[in-house]
Amino acid sequence: MKSKSLFIKLGKKYPASLQEPWDHCLYQMGKSKENINTILLCLDFDEMVYDFMENNDLFSKIDLIITHHPFLFGTPHQVLSKDEKKRALYNKLIEKNALIYSYHTNFDTAKDGMNDALAERLELTNVREVTSCPMARIGNLKKEMEVKEFSVFAKNKLNINYGLLLNYGKKMIKTVAIIGGGGSKYYKDAMLDGADIYISGDCPHHVRRDIITSNFNYLDLPHEIEKIFIDKMESVLLSFDKTLKIIKVDHEKEPEVI
């Protein structure tokens with residue numbers, strides 16, 4: 001597939017205008033090639049993915065690496081002048097002529113992106129954006145569930161090993177709101193739109209206390225639920241061109257519960 005055509009299609013589906021002001025989406029490093037035939041997908045590009053590519057002789061075969069989280073969270077100077085580990089990896093990637101793009105909060109907010117994929121995995125119906133938080137999705141369960149029953153259901157559907165439940169709201173769950181990753185602070189938006197429970201991750205102590213004193217339900221799931229990015233992006237890329245070869249690296253595991 002012509003690289004220009006691919007990036008135009010991705011840009012229309014996940015436009016830069018949807019990224020949060022603090023974010024650093026899209027081009028990360030490398031020189032574009034005229035044609036893109038093989039794409040590697042991962043949540044984060046790190047030393048583990050580099051080693052996987054090196055050990056499998058993939059650098060000569062991969063035309064493009066697409067990640068969810070930005071490889072460089074800032075300008076190259078900002079990141080590489082302060083992070084020696086990232087600078088070493090960056091320099092090795094330059095030698096390999098690696099091309100990296102990242103689709104982060106623009107992917108999270110867009111239709112057919114992260115939060116639509118998560119809502120689909122939860123089998124929600126009547127899915128729509130949360131009114132005051134377009135990144136979040138809200139929808140209805142096919143059948144009402146008791147809060148702990150739903151929490152186990154969500155954990156299993158999103159393919160992770162644990163969750164942290166704040167069980168201070170309604171005992172029966174019908175309407176669910178969700179943001180993948182670290183969106184716990186948006187719980188009030190979910191409440192205002194009538195959610196019975198809100199799902200996100202990385203919830204700090206003070207936000208937990210606010211949720212509890214607001215008499216609301218919150219299910220904190222590991223950031224790793226965002227691995228759904230890999231499958232969703234694969235399906236989108238193949239809808240553009242069925243001949244593309246996609247290599248998926250799913251190497252991130254949630255912390256071990258002790």
# chains A, B, ... in the order shown; residues from 1 in each chain; ligands from 1

call {"tool": "residues_around", "arguments": {"residues": "segment 20-23 of chain A", "least_positions_apart": "3", "cutoff": "10 Å", "atoms": "only C-alpha atoms", "output": "VMD selection string"}}
result
chain A and resid 16 to 17 26 69 to 70 73 to 74 104 to 106 108 to 109 135

call {"tool": "write_last_selection", "arguments": {"atoms": "N, CA, C and O atoms", "output": "JSON list (two decimals), in the first residue's frame"}}
result
[["chain", "number", "residue", "atom", "x", "y", "z"],
["A", 16, "ALA", "N", -5.59, 14.19, 14.05],
["A", 16, "ALA", "CA", -4.77, 14.84, 15.08],
["A", 16, "ALA", "C", -5.59, 15.83, 15.90],
["A", 16, "ALA", "O", -5.28, 16.08, 17.06],
["A", 17, "SER", "N", -6.65, 16.37, 15.31],
["A", 17, "SER", "CA", -7.49, 17.34, 16.02],
["A", 17, "SER", "C", -8.17, 16.75, 17.24],
["A", 17, "SER", "O", -8.62, 17.49, 18.13],
["A", 26, "LEU", "N", 0.92, 10.62, 16.49],
["A", 26, "LEU", "CA", 1.33, 10.50, 15.09],
["A", 26, "LEU", "C", 2.84, 10.32, 14.94],
["A", 26, "LEU", "O", 3.43, 9.51, 15.63],
["A", 69, "HIS", "N", 0.71, 4.12, 22.83],
["A", 69, "HIS", "CA", 1.35, 5.17, 23.62],
["A", 69, "HIS", "C", 2.53, 5.76, 22.85],
["A", 69, "HIS", "O", 3.31, 5.02, 22.25],
["A", 70, "PRO", "N", 2.66, 7.08, 22.84],
["A", 70, "PRO", "CA", 3.73, 7.71, 22.08],
["A", 70, "PRO", "C", 5.11, 7.21, 22.48],
["A", 70, "PRO", "O", 5.42, 7.11, 23.68],
["A", 73, "PHE", "N", 7.29, 11.04, 24.27],
["A", 73, "PHE", "CA", 6.24, 11.87, 24.85],
["A", 73, "PHE", "C", 6.78, 13.28, 25.04],
["A", 73, "PHE", "O", 7.08, 13.74, 26.14],
["A", 74, "GLY", "N", 6.91, 13.98, 23.91],
["A", 74, "GLY", "CA", 7.49, 15.31, 23.85],
["A", 74, "GLY", "C", 8.34, 15.41, 22.60],
["A", 74, "GLY", "O", 8.38, 14.50, 21.78],
["A", 104, "HIS", "N", -2.74, 7.78, 19.93],
["A", 104, "HIS", "CA", -2.99, 7.74, 21.36],
["A", 104, "HIS", "C", -4.37, 8.32, 21.68],
["A", 104, "HIS", "O", -5.39, 7.68, 21.43],
["A", 105, "THR", "N", -4.43, 9.55, 22.21],
["A", 105, "THR", "CA", -5.74, 10.08, 22.60],
["A", 105, "THR", "C", -6.63, 10.38, 21.40],
["A", 105, "THR", "O", -7.85, 10.44, 21.55],
["A", 106, "ASN", "N", -6.05, 10.57, 20.21],
["A", 106, "ASN", "CA", -6.90, 10.69, 19.03],
["A", 106, "ASN", "C", -7.59, 9.35, 18.74],
["A", 106, "ASN", "O", -8.75, 9.32, 18.32],
["A", 108, "ASP", "N", -8.21, 7.11, 21.16],
["A", 108, "ASP", "CA", -9.12, 6.90, 22.29],
["A", 108, "ASP", "C", -10.48, 7.57, 22.05],
["A", 108, "ASP", "O", -11.52, 7.02, 22.41],
["A", 109, "THR", "N", -10.45, 8.76, 21.46],
["A", 109, "THR", "CA", -11.67, 9.57, 21.32],
["A", 109, "THR", "C", -12.46, 9.23, 20.07],
["A", 109, "THR", "O", -13.70, 9.31, 20.07],
["A", 135, "MET", "N", -14.28, 11.54, 25.07],
["A", 135, "MET", "CA", -13.45, 10.35, 25.02],
["A", 135, "MET", "C", -14.16, 9.15, 25.64],
["A", 135, "MET", "O", -13.98, 8.01, 25.21]]

call {"tool": "select_by_dssp", "arguments": {"residues": "segment 72-256 of chain A", "states": "strand (DSSP E or B)", "output": "PyMOL selection string"}}
result
chain A and resi 100-102+125-130+133-146+164-167+172-178+197-200+217-220+245-249

call {"tool": "write_last_selection", "arguments": {"atoms": "N, CA and C atoms", "output": "short mmCIF file (atom, residue, chain, number, x, y, z; two decimals), in the first residue's frame"}}
result
data_model
loop_
_atom_site.label_atom_id
_atom_site.label_comp_id
_atom_site.auth_asym_id
_atom_site.auth_seq_id
_atom_site.Cartn_x
_atom_site.Cartn_y
_atom_site.Cartn_z
N ILE A 100 8.27 5.01 13.18
CA ILE A 100 7.28 4.79 14.23
C ILE A 100 6.23 5.90 14.20
N TYR A 101 4.96 5.49 14.25
CA TYR A 101 3.83 6.39 14.44
C TYR A 101 3.05 5.92 15.67
N SER A 102 2.44 6.88 16.36
CA SER A 102 1.63 6.54 17.54
C SER A 102 0.25 7.16 17.42
N THR A 125 -24.96 -1.91 24.68
CA THR A 125 -25.87 -1.46 23.63
C THR A 125 -26.12 0.03 23.79
N ASN A 126 -26.65 0.65 22.72
CA ASN A 126 -26.92 2.08 22.73
C ASN A 126 -25.69 2.87 23.19
N VAL A 127 -24.56 2.55 22.62
CA VAL A 127 -23.30 3.19 23.02
C VAL A 127 -23.23 4.60 22.44
N ARG A 128 -22.83 5.55 23.28
CA ARG A 128 -22.68 6.93 22.84
C ARG A 128 -21.58 7.60 23.66
N GLU A 129 -21.18 8.79 23.21
CA GLU A 129 -20.20 9.56 23.95
C GLU A 129 -20.83 10.09 25.24
N VAL A 130 -20.04 10.18 26.29
CA VAL A 130 -20.48 10.88 27.49
C VAL A 130 -20.54 12.37 27.17
N CYS A 133 -17.62 14.59 28.18
CA CYS A 133 -16.31 13.95 28.05
C CYS A 133 -16.32 13.06 26.82
N PRO A 134 -16.08 13.61 25.63
CA PRO A 134 -16.22 12.86 24.37
C PRO A 134 -15.35 11.61 24.27
N MET A 135 -14.28 11.54 25.07
CA MET A 135 -13.45 10.35 25.02
C MET A 135 -14.16 9.15 25.64
N ALA A 136 -14.98 9.39 26.65
CA ALA A 136 -15.66 8.31 27.36
C ALA A 136 -16.84 7.79 26.56
N ARG A 137 -17.16 6.52 26.78
CA ARG A 137 -18.35 5.90 26.19
C ARG A 137 -19.27 5.43 27.31
N ILE A 138 -20.55 5.48 27.03
CA ILE A 138 -21.56 5.01 27.97
C ILE A 138 -22.57 4.18 27.20
N GLY A 139 -23.03 3.11 27.80
CA GLY A 139 -23.99 2.23 27.14
C GLY A 139 -24.68 1.34 28.16
N ASN A 140 -25.58 0.50 27.66
CA ASN A 140 -26.39 -0.33 28.53
C ASN A 140 -26.04 -1.80 28.40
N LEU A 141 -26.07 -2.50 29.51
CA LEU A 141 -25.91 -3.95 29.50
C LEU A 141 -27.16 -4.60 28.92
N LYS A 142 -26.97 -5.76 28.34
CA LYS A 142 -28.12 -6.49 27.80
C LYS A 142 -29.07 -6.91 28.92
N LYS A 143 -28.49 -7.20 30.09
CA LYS A 143 -29.31 -7.50 31.25
C LYS A 143 -28.66 -6.91 32.50
N GLU A 144 -29.47 -6.48 33.41
CA GLU A 144 -28.99 -5.89 34.65
C GLU A 144 -28.19 -6.92 35.46
N MET A 145 -27.12 -6.47 36.11
CA MET A 145 -26.31 -7.36 36.93
C MET A 145 -26.05 -6.73 38.29
N GLU A 146 -25.87 -7.59 39.29
CA GLU A 146 -25.42 -7.12 40.60
C GLU A 146 -23.99 -6.60 40.45
N LEU A 164 -10.10 -3.52 40.93
CA LEU A 164 -10.30 -2.93 42.25
C LEU A 164 -11.66 -2.23 42.23
N LEU A 165 -12.58 -2.74 43.03
CA LEU A 165 -13.96 -2.24 43.01
C LEU A 165 -14.22 -1.30 44.18
N LEU A 166 -14.75 -0.12 43.87
CA LEU A 166 -15.32 0.77 44.88
C LEU A 166 -16.83 0.60 44.80
N ASN A 167 -17.38 -0.11 45.76
CA ASN A 167 -18.78 -0.51 45.74
C ASN A 167 -19.57 0.37 46.69
N MET A 172 -27.38 -2.62 41.72
CA MET A 172 -27.64 -3.25 40.43
C MET A 172 -27.12 -2.34 39.31
N ILE A 173 -26.47 -2.96 38.33
CA ILE A 173 -25.81 -2.21 37.26
C ILE A 173 -26.53 -2.46 35.94
N LYS A 174 -26.91 -1.38 35.29
CA LYS A 174 -27.50 -1.44 33.96
C LYS A 174 -26.73 -0.55 32.97
N THR A 175 -26.33 0.64 33.41
CA THR A 175 -25.67 1.61 32.54
C THR A 175 -24.20 1.75 32.95
N VAL A 176 -23.31 1.58 31.98
CA VAL A 176 -21.87 1.51 32.24
C VAL A 176 -21.15 2.58 31.42
N ALA A 177 -20.21 3.29 32.05
CA ALA A 177 -19.34 4.23 31.34
C ALA A 177 -17.91 3.75 31.47
N ILE A 178 -17.09 4.04 30.44
CA ILE A 178 -15.71 3.54 30.43
C ILE A 178 -14.77 4.45 29.68
N ILE A 197 -22.06 2.64 37.04
CA ILE A 197 -20.67 2.34 37.38
C ILE A 197 -19.77 2.93 36.31
N TYR A 198 -18.58 3.31 36.72
CA TYR A 198 -17.60 3.86 35.79
C TYR A 198 -16.35 3.01 35.85
N ILE A 199 -15.79 2.69 34.68
CA ILE A 199 -14.58 1.87 34.59
C ILE A 199 -13.45 2.70 33.99
N SER A 200 -12.32 2.71 34.67
CA SER A 200 -11.09 3.25 34.11
C SER A 200 -9.94 2.66 34.90
N ASN A 217 -20.19 3.94 42.14
CA ASN A 217 -19.43 2.71 41.89
C ASN A 217 -18.33 2.99 40.88
N TYR A 218 -17.14 2.47 41.16
CA TYR A 218 -16.01 2.62 40.25
C TYR A 218 -15.22 1.32 40.22
N LEU A 219 -14.90 0.87 39.00
CA LEU A 219 -14.09 -0.34 38.83
C LEU A 219 -12.77 0.07 38.19
N ASP A 220 -11.70 -0.07 38.97
CA ASP A 220 -10.37 0.28 38.50
C ASP A 220 -9.72 -0.96 37.89
N LYS A 245 0.50 -7.08 5.69
CA LYS A 245 0.90 -8.10 6.65
C LYS A 245 1.05 -7.42 8.01
N ILE A 246 0.35 -7.95 9.01
CA ILE A 246 0.36 -7.36 10.34
C ILE A 246 1.05 -8.31 11.32
N ILE A 247 2.03 -7.79 12.03
CA ILE A 247 2.69 -8.54 13.09
C ILE A 247 2.32 -7.89 14.42
N LYS A 248 1.73 -8.66 15.33
CA LYS A 248 1.26 -8.13 16.61
C LYS A 248 2.17 -8.59 17.74
N VAL A 249 2.59 -7.64 18.57
CA VAL A 249 3.42 -7.95 19.73
C VAL A 249 2.65 -7.58 20.98
#

call {"tool": "residues_around", "arguments": {"residues": "Leu238 of chain A", "least_positions_apart": "4", "cutoff": "12 Å", "atoms": "only C-alpha atoms", "output": "list in words"}}
result
Met1, Leu6, Lys9, Leu10, Asn37, Thr38, Ile39, Asp231, Lys232, Met233, Glu234, Lys242, Thr243, Leu244, Lys245 and Ile246 of chain A

call {"tool": "closest_residue", "arguments": {"among": "A:Ile160, A:Lys2, A:Ser214, A:Lys171", "to": "Met191 of chain A", "atoms": "only C-alpha atoms"}}
result
A:Ser214

call {"tool": "closest_residue", "arguments": {"among": "A:His68, A:Arg209, A:His77, A:Lys155", "to": "Gly181 of chain A", "atoms": "only C-alpha atoms"}}
result
A:His68

call {"tool": "closest_residue", "arguments": {"among": "A:Phe59, A:Tyr27, A:Tyr187, A:Phe150", "to": "Pro76 of chain A", "atoms": "only C-alpha atoms"}}
result
A:Tyr27
